[in-house]
Amino acid sequence: MSSSIRSIAEVLSGAVEAGSTVTVRGWVRTRRDSKAGLSFVHLHDGSCFATIQAVVPNSLSNYPTEVLKLGAGCSVIVTGEVIATPGREQPCELRAAEVTVVGWVDDPETYPMAKKAHTLEYLREVAHLRPRTNTLGAVTRVRHCLAQAVHRYFHERGFFWVHTPIITAADAEGAGEMFRVSTLDTSNLPRTREGGVDHSKDFFGKPAFLTVSGQLNVETYAMAMSKVYTFGPTFRAENSNTSRHLAEFWMIEPEVAFNTLRENAALAEDFLKYLFKAVLTERHDDMAFFADRVDPDCVGRLERLVASNFEQMTYSDAIAALERSGEKFEFAVKWGIDLQSEHERWLTEKHVGRPVVVMNYPKDIKAFYMRLNDDDRTVAAMDVLAPGIGEIIGGSQREERLDVLDRRIAEMGLVKEHYWWYRDLRRYGTVPHAGFGLGFERTILYATGIQNIRDVIPFPRTPGHAEF
RNA sequence: UCCGACUUAGCUCAGUCGGUAGAGCAGGCGGCUGUUAACCGCCGGGUCGCUGGUUCGAGUCCAGCAGUCGGAGCCA
């Protein structure tokens with residue numbers, strides 16, 4: 001018998017002719033027996049949302065001894081003929097001629113992935129087995145689809161992917177707690193004469209940390225390659241325990257020479273639309289599942305986003321709208337405050353009803369590297385706020401004028417010598433430039449309608465949690 | 001870190017006025033059926049998060065601790 005190994009996606013897509021013999025390999029999701037002398041075994045292999053139905057006749061020699069004992073989680077190899085089944089719930093099925101059991105489930109009663117609905121909270125406790133579920137399988141395919149779309153989008157537009165460092169020796173942005181990277185023996189630290197830790201004895205000869213952003217590094221490449229981006233892991237040691245934060249997450253940071261804030265906002269909008277279009281066209285099956293079981297509006301929300309223009313408003317206009325709203329906010333609204341979650345939610349969920357780009361924030365609440373506007377009190381910053389998620393993108397036009405940059409560094413109490421190479425970019429052929437950071441997991445949340453960020457990354461790291 | 005809620009079978013939950021525990025799903029066995037979230041019947045399965053207190057008696061009331069979830073802050 002000649003047969004070729006195929007993924008379930010290939011077989012179900014019609015790429016395999018009815019009547020041909022194929023071999024599929026995967027894991028059992030359910031088994032149902034019929035007195036007509038056959039069993040229906042549904043298999044998944046991750047290649048698509050759907051399972052394939054193997055119809056196993058009781059004439060197989062291992063039918064009573066093995067096939068009738070198959071349950072959820074068992075791994076099998078099935079060879080058989082592809083049979084078209086028009087009118088049934090699946091386009092085709094596999095008439096099994098041979099079933100080989102590769103791995104049994106030790107104890108079906110305590111197998112954590114029972115043939116039933118599990119809560120996402122429970123599945124986090126069994127993160128090594130949860131990719132076998134419908135939900136995490138769908139998340140995994142959508143995550144992959146989005147990651148591929150990120151690279152495709154930039155590649156097609158002449159951007160270069162720059163691998164900025166994971167380990168950094170400077171608290172560059174002065175933003176957020178950082179994870180320390182050290183090879184020192186913590187139970188026997190080398191000391192300086194003054195009694196402090198002698199960092200010169202450490203691996204890098206000075207304190208080192210995990211990156212909180214690749215932006216400052218990628219700016220150096222924007223000043224040579226024009227259009228660049230980073231896409232990699234990012235680390236924040238903040239003790240934040242929310243459905244939108246991780247200690248280790250992935251971020252996409254494009255940086256474009258000669259771009260203004262307005263062009264930056266246009267890029268962010270075009271980019272997000274491209275990503276969601278990719279999900280809509282490439283992952284119908286998974287999105288249909290999310291619409292059915294997770295969030296009825298998730299497909300409609302993406303379709304509307306792709307078809308409409310983002311609302312743009314200045315920070316000052318946003319404050320004015322909030323003041324006119326008549327809402328009772330916990331935090332009072334007035335020009336100069338940083339927008340609170342409740343304010344962002346009202347803007348994007350109630351006032352606009354779709355993503356909104358807020359631009360030109362007060363300089364005192366934003367980072368030193370953001371370009372000072374002519375009014376001398378705002379900077380060319382932008383946040384893209386999404387309904388249900390909050391801030392999905394944060395970005396700005398960067399300060400390209402050395403004298404202004406130095407003034408901002410001083411105002412914020414930073415030490416300009418620490419930024420010597422960043423300042424060099426302004427000394428040697430400086431140009432206006434702009435970029436932003438997109439939270440990858442938050443993008444997945446928006447696409448799928450899933451509520452908790454821990455459910456859209458394979459192995460979530462949060463305060464107190466680094467299992468698996 | 002702060003505020004709030006929750007913690008009972010493998011999972012999701014109910015448990016009245018304080019009187020030593022129940023359902024659905026999952027699992028096992030049987031029945032039925034080209035089934036497809038199958039259906040029907042039977043069975044096994046519990047240190048009621050931990051520690052202490054009140055009480056003749058605590059899953060239930062009180063205190064502390066732990067864990068989980070939600071919200072806030074920080075941000076992506």
# chains A, B, ... in the order shown; residues from 1 in each chain; ligands from 1
$ residues_around --residues "Glu253 in chain A" --least-positions-apart "4" --cutoff "6 Å" --atoms "only C-alpha atoms (C1' of nucleotides)" --output "ChimeraX atom specification"
/A:229-230,436-437
$ interface_residues --of "chain B" --to "chain A" --cutoff "9 Å" --atoms "only C-alpha atoms (C1' of nucleotides)" --output "count of residues only"
24
$ residues_around --residues "range 405-418 of chain A" --least-positions-apart "6" --cutoff "7 Å" --atoms "only C-alpha atoms (C1' of nucleotides)" --output "VMD selection string"
chain A and resid 368 to 369 399
$ select_by_dssp --residues "range 136-180 of chain A" --states "strand (DSSP E)" --output "list in words"
Phe160, Trp161, Ile167, Thr168 and Arg180 of chain A
$ write_last_selection --atoms "N, CA, C and O atoms" --output "CSV table (one decimal), in the first residue's frame"
chain,number,residue,atom,x,y,z
A,160,PHE,N,14.2,46.9,7.3
A,160,PHE,CA,15.1,45.9,7.7
A,160,PHE,C,14.9,45.5,9.1
A,160,PHE,O,14.7,46.4,10.0
A,161,TRP,N,14.8,44.2,9.4
A,161,TRP,CA,14.7,43.7,10.7
A,161,TRP,C,16.0,43.7,11.4
A,161,TRP,O,17.0,43.1,11.0
A,167,ILE,N,20.4,41.9,26.2
A,167,ILE,CA,21.1,42.3,27.4
A,167,ILE,C,21.6,43.7,27.1
A,167,ILE,O,22.1,44.0,26.1
A,168,THR,N,21.4,44.6,28.1
A,168,THR,CA,21.8,46.0,27.9
A,168,THR,C,22.5,46.5,29.2
A,168,THR,O,22.2,46.0,30.3
A,180,ARG,N,17.9,42.3,36.5
A,180,ARG,CA,19.4,42.3,36.5
A,180,ARG,C,20.0,41.0,35.9
A,180,ARG,O,19.5,39.9,36.1
$ atom_distance --atom1 "C1' of C62 in chain B" --atom2 "C1' of G22 in chain B"
26.9 Å
$ residues_around --residues "C48 in chain B" --least-positions-apart "3" --cutoff "12 Å" --atoms "only C-alpha atoms (C1' of nucleotides)" --output "list in words"
U7, U8, A9, G15, U20, A21, A58, G59 and U60 of chain B
$ atom_distance --atom1 "CA of Ser47 in chain A" --atom2 "CA of Cys74 in chain A"
17.3 Å
$ atom_distance --atom1 "CA of Val162 in chain A" --atom2 "CA of Ala147 in chain A"
15.3 Å
$ residues_around --residues "Ala224 in chain A" --least-positions-apart "6" --cutoff "12 Å" --atoms "only C-alpha atoms (C1' of nucleotides)" --output "mmCIF file with N, CA and C atoms, in the first residue's frame"
data_model
loop_
_atom_site.group_PDB
_atom_site.id
_atom_site.type_symbol
_atom_site.label_atom_id
_atom_site.label_comp_id
_atom_site.auth_asym_id
_atom_site.auth_seq_id
_atom_site.Cartn_x
_atom_site.Cartn_y
_atom_site.Cartn_z
ATOM 1 N N PHE A 159 11.685 47.698 4.820
ATOM 2 C CA PHE A 159 12.235 47.804 6.182
ATOM 3 C C PHE A 159 13.225 46.667 6.411
ATOM 4 N N PHE A 160 14.200 46.917 7.283
ATOM 5 C CA PHE A 160 15.118 45.855 7.691
ATOM 6 C C PHE A 160 14.875 45.485 9.142
ATOM 7 N N VAL A 162 16.084 44.473 12.514
ATOM 8 C CA VAL A 162 17.332 44.645 13.263
ATOM 9 C C VAL A 162 17.219 43.915 14.597
ATOM 10 N N VAL A 218 17.674 50.660 18.078
ATOM 11 C CA VAL A 218 17.227 50.574 16.680
ATOM 12 C C VAL A 218 17.291 51.940 16.013
ATOM 13 N N GLU A 255 11.083 52.028 13.211
ATOM 14 C CA GLU A 255 11.708 53.348 13.351
ATOM 15 C C GLU A 255 12.066 53.820 11.953
ATOM 16 N N VAL A 256 11.615 55.025 11.577
ATOM 17 C CA VAL A 256 11.770 55.487 10.198
ATOM 18 C C VAL A 256 12.425 56.860 10.153
ATOM 19 N N ALA A 257 13.551 56.930 9.439
ATOM 20 C CA ALA A 257 14.227 58.210 9.260
ATOM 21 C C ALA A 257 13.382 59.136 8.401
ATOM 22 N N PHE A 258 13.420 60.407 8.711
ATOM 23 C CA PHE A 258 12.723 61.479 7.985
ATOM 24 C C PHE A 258 11.209 61.487 8.214
ATOM 25 N N LEU A 425 24.192 60.466 17.537
ATOM 26 C CA LEU A 425 23.321 60.398 16.355
ATOM 27 C C LEU A 425 22.847 61.791 15.955
ATOM 28 N N TYR A 428 26.028 63.774 14.274
ATOM 29 C CA TYR A 428 26.544 63.346 12.973
ATOM 30 C C TYR A 428 25.388 63.042 12.023
ATOM 31 N N GLY A 429 24.989 64.006 11.255
ATOM 32 C CA GLY A 429 23.977 63.783 10.219
ATOM 33 C C GLY A 429 22.606 63.483 10.773
ATOM 34 N N THR A 430 22.214 64.270 11.756
ATOM 35 C CA THR A 430 20.907 64.031 12.356
ATOM 36 C C THR A 430 19.775 64.275 11.368
ATOM 37 N N VAL A 431 18.687 63.554 11.530
ATOM 38 C CA VAL A 431 17.477 63.779 10.729
ATOM 39 C C VAL A 431 16.260 63.569 11.628
ATOM 40 N N HIS A 433 13.058 61.802 12.809
ATOM 41 C CA HIS A 433 12.655 60.403 12.651
ATOM 42 C C HIS A 433 11.604 60.060 13.696
#
$ select_by_dssp --residues "range 342-393 of chain A" --states "alpha helix (DSSP H)" --output "ChimeraX atom specification"
/A:342-345
$ closest_residue --among "A:Thr85, A:Lys273, A:Glu93, A:Glu282" --to "Val24 in chain A" --atoms "only C-alpha atoms"
A:Glu93
